[in-house]
Structure formats: structure tokens, C-alpha cells
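Data block for start_8.cif (mmCIF, C-alpha atoms and all ligand atoms):
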```cif
data_work
#
loop_
_atom_site.label_atom_id
_atom_site.label_comp_id
_atom_site.auth_asym_id
_atom_site.auth_seq_id
_atom_site.Cartn_x
_atom_site.Cartn_y
_atom_site.Cartn_z
CA MET A 65 -8.12 -2.57 1.21
CA ALA A 66 -4.44 -2.47 0.57
CA ILE A 67 -2.07 -0.90 -1.89
CA ARG A 68 -0.36 -3.56 -3.99
CA LYS A 69 3.06 -3.27 -5.52
CA ILE A 70 3.03 -2.56 -9.25
CA ILE A 71 5.59 -4.66 -11.08
CA THR A 72 7.53 -3.12 -13.93
CA TYR A 73 9.11 -3.98 -17.25
CA GLU A 74 10.99 -6.42 -17.66
CA ASN A 75 9.37 -8.58 -14.97
CA ASP A 76 8.41 -11.89 -16.67
CA LEU A 77 4.92 -11.89 -15.13
CA LEU A 78 3.98 -9.02 -17.46
CA ARG A 79 4.58 -11.37 -20.40
CA LYS A 80 2.29 -14.21 -19.28
CA THR A 81 -1.23 -14.94 -20.48
CA SER A 82 -3.68 -14.45 -17.61
CA LYS A 83 -6.30 -17.03 -16.67
CA VAL A 84 -10.08 -16.72 -16.92
CA VAL A 85 -11.75 -15.98 -13.55
CA THR A 86 -13.99 -18.87 -12.48
CA ARG A 87 -14.49 -18.10 -8.79
CA PHE A 88 -16.39 -14.95 -7.89
CA ASP A 89 -15.51 -15.00 -4.23
CA GLU A 90 -13.98 -12.88 -1.47
CA SER A 91 -10.47 -13.19 -2.88
CA LEU A 92 -11.67 -11.68 -6.20
CA PHE A 93 -13.42 -8.84 -4.35
CA GLU A 94 -10.27 -8.18 -2.36
CA LEU A 95 -8.16 -8.14 -5.53
CA LEU A 96 -10.56 -5.67 -7.21
CA ASP A 97 -10.70 -3.41 -4.16
CA ASP A 98 -6.92 -3.44 -3.81
CA MET A 99 -6.47 -2.73 -7.51
CA LYS A 100 -8.84 0.25 -7.31
CA GLU A 101 -6.98 1.59 -4.29
CA THR A 102 -3.63 1.07 -6.02
CA LEU A 103 -4.84 2.78 -9.20
CA LYS A 104 -6.24 5.70 -7.24
CA LYS A 105 -2.96 6.20 -5.40
CA SER A 106 -0.87 5.98 -8.56
CA ASP A 107 -3.14 8.39 -10.43
CA GLY A 108 -3.31 6.13 -13.49
CA VAL A 109 -6.10 5.53 -15.99
CA GLY A 110 -6.16 1.76 -15.77
CA LEU A 111 -4.58 -1.18 -14.01
CA ALA A 112 -4.60 -4.86 -14.98
CA ALA A 113 -4.19 -7.73 -12.50
CA PRO A 114 -0.88 -8.97 -13.97
CA GLN A 115 0.58 -5.55 -13.12
CA VAL A 116 0.15 -6.45 -9.45
CA GLY A 117 1.51 -9.94 -10.13
CA VAL A 118 -1.86 -11.73 -10.32
CA LEU A 119 -2.40 -13.65 -13.56
CA LYS A 120 -6.18 -13.28 -13.76
CA ARG A 121 -8.24 -11.72 -16.54
CA VAL A 122 -9.20 -8.65 -14.55
CA PHE A 123 -8.66 -4.92 -15.00
CA VAL A 124 -10.00 -1.68 -13.59
CA ILE A 125 -10.40 1.60 -15.43
CA SER A 126 -10.86 5.04 -13.91
CA LEU A 127 -13.96 6.83 -15.20
CA ASN A 128 -14.19 10.24 -13.55
CA ASN A 129 -14.66 9.38 -9.87
CA TYR A 130 -15.80 5.88 -10.56
CA TYR A 131 -13.82 2.69 -11.19
CA LEU A 132 -15.11 0.25 -13.74
CA GLU A 133 -14.35 -3.39 -12.93
CA VAL A 134 -13.80 -5.59 -15.96
CA ILE A 135 -13.53 -9.38 -15.62
CA ASN A 136 -13.02 -11.94 -18.42
CA PRO A 137 -13.28 -9.38 -21.24
CA VAL A 138 -13.80 -10.46 -24.84
CA LEU A 139 -13.22 -8.03 -27.69
CA LYS A 140 -16.33 -8.41 -29.85
CA LYS A 141 -15.96 -5.63 -32.37
CA GLN A 142 -13.55 -2.90 -33.36
CA SER A 143 -13.62 -0.17 -35.96
CA GLY A 144 -11.58 2.77 -37.17
CA THR A 145 -8.18 3.84 -35.94
CA GLN A 146 -6.78 6.59 -33.73
CA LYS A 147 -3.26 7.68 -32.89
CA GLY A 148 -2.31 9.01 -29.48
CA GLN A 149 0.19 9.12 -26.65
CA GLU A 150 0.15 6.22 -24.22
CA GLY A 151 1.90 5.41 -20.99
CA CYS A 152 1.80 2.54 -18.51
CA LEU A 153 2.34 2.28 -14.76
CA SER A 154 4.54 -0.75 -15.46
CA VAL A 155 6.73 1.19 -17.90
CA PRO A 156 7.59 4.25 -15.82
CA ASN A 157 8.78 7.59 -17.17
CA ARG A 158 7.96 6.85 -20.77
CA SER A 159 5.20 7.56 -23.27
CA GLU A 160 4.89 6.79 -26.96
CA GLU A 161 2.46 7.22 -29.79
CA VAL A 162 0.34 4.11 -30.39
CA VAL A 163 -2.32 3.33 -33.01
CA ARG A 164 -5.53 1.84 -31.57
CA PRO A 165 -9.06 1.19 -32.80
CA LYS A 166 -11.31 4.25 -32.61
CA THR A 167 -14.25 2.26 -31.24
CA VAL A 168 -14.41 -1.12 -29.52
CA THR A 169 -17.18 -3.29 -28.15
CA MET A 170 -16.25 -5.53 -25.24
CA GLU A 171 -18.23 -8.14 -23.40
CA PHE A 172 -17.23 -8.90 -19.83
CA VAL A 173 -18.72 -9.67 -16.42
CA ASP A 174 -18.83 -7.70 -13.20
CA ARG A 175 -17.73 -9.01 -9.78
CA TYR A 176 -21.04 -10.86 -9.40
CA ASN A 177 -20.61 -12.56 -12.77
CA ASN A 178 -23.34 -10.44 -14.38
CA PRO A 179 -22.75 -9.93 -18.12
CA VAL A 180 -21.98 -6.43 -19.39
CA THR A 181 -21.55 -5.18 -22.96
CA MET A 182 -19.91 -1.81 -23.49
CA THR A 183 -19.08 0.13 -26.62
CA VAL A 184 -16.51 2.87 -26.08
CA SER A 185 -14.64 5.29 -28.32
CA ASP A 186 -11.58 7.51 -28.38
CA PHE A 187 -9.75 7.76 -25.02
CA MET A 188 -11.80 4.99 -23.40
CA ALA A 189 -11.30 2.66 -26.37
CA ARG A 190 -7.56 3.25 -26.00
CA ALA A 191 -7.71 2.46 -22.28
CA PHE A 192 -9.75 -0.72 -22.80
CA CYS A 193 -7.37 -2.00 -25.51
CA HIS A 194 -4.29 -1.17 -23.42
CA GLU A 195 -5.59 -3.03 -20.36
CA PHE A 196 -6.93 -5.91 -22.44
CA ASP A 197 -3.47 -6.39 -23.97
CA HIS A 198 -1.97 -6.76 -20.47
CA LEU A 199 -4.07 -9.93 -20.01
CA ASN A 200 -2.28 -11.43 -23.01
CA GLY A 201 1.21 -10.38 -21.99
CA ILE A 202 1.34 -7.48 -24.43
CA LEU A 203 2.75 -4.08 -23.46
CA TYR A 204 2.02 -0.90 -25.43
CA ILE A 205 5.73 -0.53 -26.18
CA ASP A 206 5.41 -3.67 -28.33
CA LEU A 207 3.08 -1.72 -30.62
CA VAL A 208 5.35 1.25 -31.17
CA LYS A 209 6.54 1.31 -34.75
CO CO A 301 -0.35 -0.61 -18.78
#
```
Starting from the coordinates I provided, produce the structure as C-alpha cells.
Amino acid sequence: MAIRKIITYENDLLRKTSKVVTRFDESLFELLDDMKETLKKSDGVGLAAPQVGVLKRVFVISLNNYYLEVINPVLKKQSGTQKGQEGCLSVPNRSEEVVRPKTVTMEFVDRYNNPVTMTVSDFMARAFCHEFDHLNGILYIDLVK
């Protein structure tokens, strides 16, 4: 595993739309392992592949001592709203209040292409939406009113 360099605003790669993962091979496993290592070292909540300069629909989220791997996510359902402070490893030394859904349901696959459906609320819903946006070139600062 290796630590990858996290790119920061206003690097153009953060504004691109990432591509669907079609090959579940060693290079994907290496990317996921590196992203987990990078997230762990940077003490963040989540990290999306474009933040390490890889335009693939992949993100990892820290859940206690466990790292959830999310590949090819689709937002299936959302409800309610919540307001809260948000930051991003690619936008250092800044945090702003952002409105997000209170609850979201996402479908995605794991590294072996097994389907997963998860419904999450509150802090986790915020994290999922934030990372999901990265795959479409959206940064949380775009959502600040
Ligand atoms: Co971010």
C-alpha cells in the first residue's frame, strides 16, 4: 500500500466526471487500498478517487475502525434535510455549513462487484453525499449559499 497525493482546489481534475468501474482487478484493489491508507493518514472521514487524481467512480468512507469501499454508487432515494459543517481534504483549512438530505439510500458494488444497498442518516448521509458529489466534479463549496 502507498500513500497517494491528495490534489486540491482548483486542480481541474476535481471538476471532471468520473468513469464507471468496469474492471474489478488488481489495479482497482491497489487503488482502494491506497485510498484507505491515504484517508487513514490524513484523518479524514471520506476520500473519493478523483481526489487522488483517478477519475473512477470510487470512494471510501471511514466508519469507526473500518473503511467502507463504495464503487459505482447510485443515489436511489433521499428524504428530509439537515444542516451542518462540512470540510474536504481537497479544500484545506476551510469549513462551511451545507444543507444535505437527512437520509439517503445508495446502491453500489464492493471490490468483487457484489451489489450492496445501504440506507444511512445524519452524519453518514452527509459523508455519502459529499463523496458522491466528488464523482460528478462537485465540491461542497459549490453548495454554500
Ligand atoms: Co471532499
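Between Lys147 of chain A and the candidates A:Val173, A:Ala113, A:Val208, A:Leu132, the tightest atom-to-atom separation, counting all atoms listed in the file, involves A:Val208.
Considering the residues A:Ser106, A:Asn136, A:Thr145, A:Asn177 and counting only C-alpha atoms, Ser82 of chain A has its shortest atom-to-atom contact with A:Asn136.
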Got a sec to check which residues lie within 10 Å of ligand CO 301 (chain A), using all atoms listed in the file, and send them as a compact mmCIF listing (two decimals) with C-alpha atoms, keeping the file's coordinate frame?
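The resulting file, out_9.txt, is reproduced below:
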```
# COMPACT_ATOMS: atom_id res chain seq x y z
CA THR A 72 7.53 -3.12 -13.93
CA LEU A 78 3.98 -9.02 -17.46
CA GLY A 108 -3.31 6.13 -13.49
CA VAL A 109 -6.10 5.53 -15.99
CA GLY A 110 -6.16 1.76 -15.77
CA LEU A 111 -4.58 -1.18 -14.01
CA ALA A 112 -4.60 -4.86 -14.98
CA PRO A 114 -0.88 -8.97 -13.97
CA GLN A 115 0.58 -5.55 -13.12
CA GLU A 150 0.15 6.22 -24.22
CA GLY A 151 1.90 5.41 -20.99
CA CYS A 152 1.80 2.54 -18.51
CA LEU A 153 2.34 2.28 -14.76
CA SER A 154 4.54 -0.75 -15.46
CA VAL A 155 6.73 1.19 -17.90
CA PRO A 156 7.59 4.25 -15.82
CA ALA A 191 -7.71 2.46 -22.28
CA CYS A 193 -7.37 -2.00 -25.51
CA HIS A 194 -4.29 -1.17 -23.42
CA GLU A 195 -5.59 -3.03 -20.36
CA PHE A 196 -6.93 -5.91 -22.44
CA ASP A 197 -3.47 -6.39 -23.97
CA HIS A 198 -1.97 -6.76 -20.47
CA ILE A 202 1.34 -7.48 -24.43
CA LEU A 203 2.75 -4.08 -23.46
CA TYR A 204 2.02 -0.90 -25.43
CA ILE A 205 5.73 -0.53 -26.18
```
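Rounded to one decimal, atom CA of Ser126 of chain A and atom CA of Met188 of chain A lie 9.5 Å from each other.
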- Message: When you count only C-alpha atoms, which of these residues is closest to Leu127 of chain A: A:Gln149, A:Phe187, A:Met99, A:Pro165?
- Response: A:Phe187
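Nearest to Leu92 of chain A of all the residues A:Glu161, A:Asp174, A:Asp186, A:Glu74 is A:Asp174, counting only C-alpha atoms.
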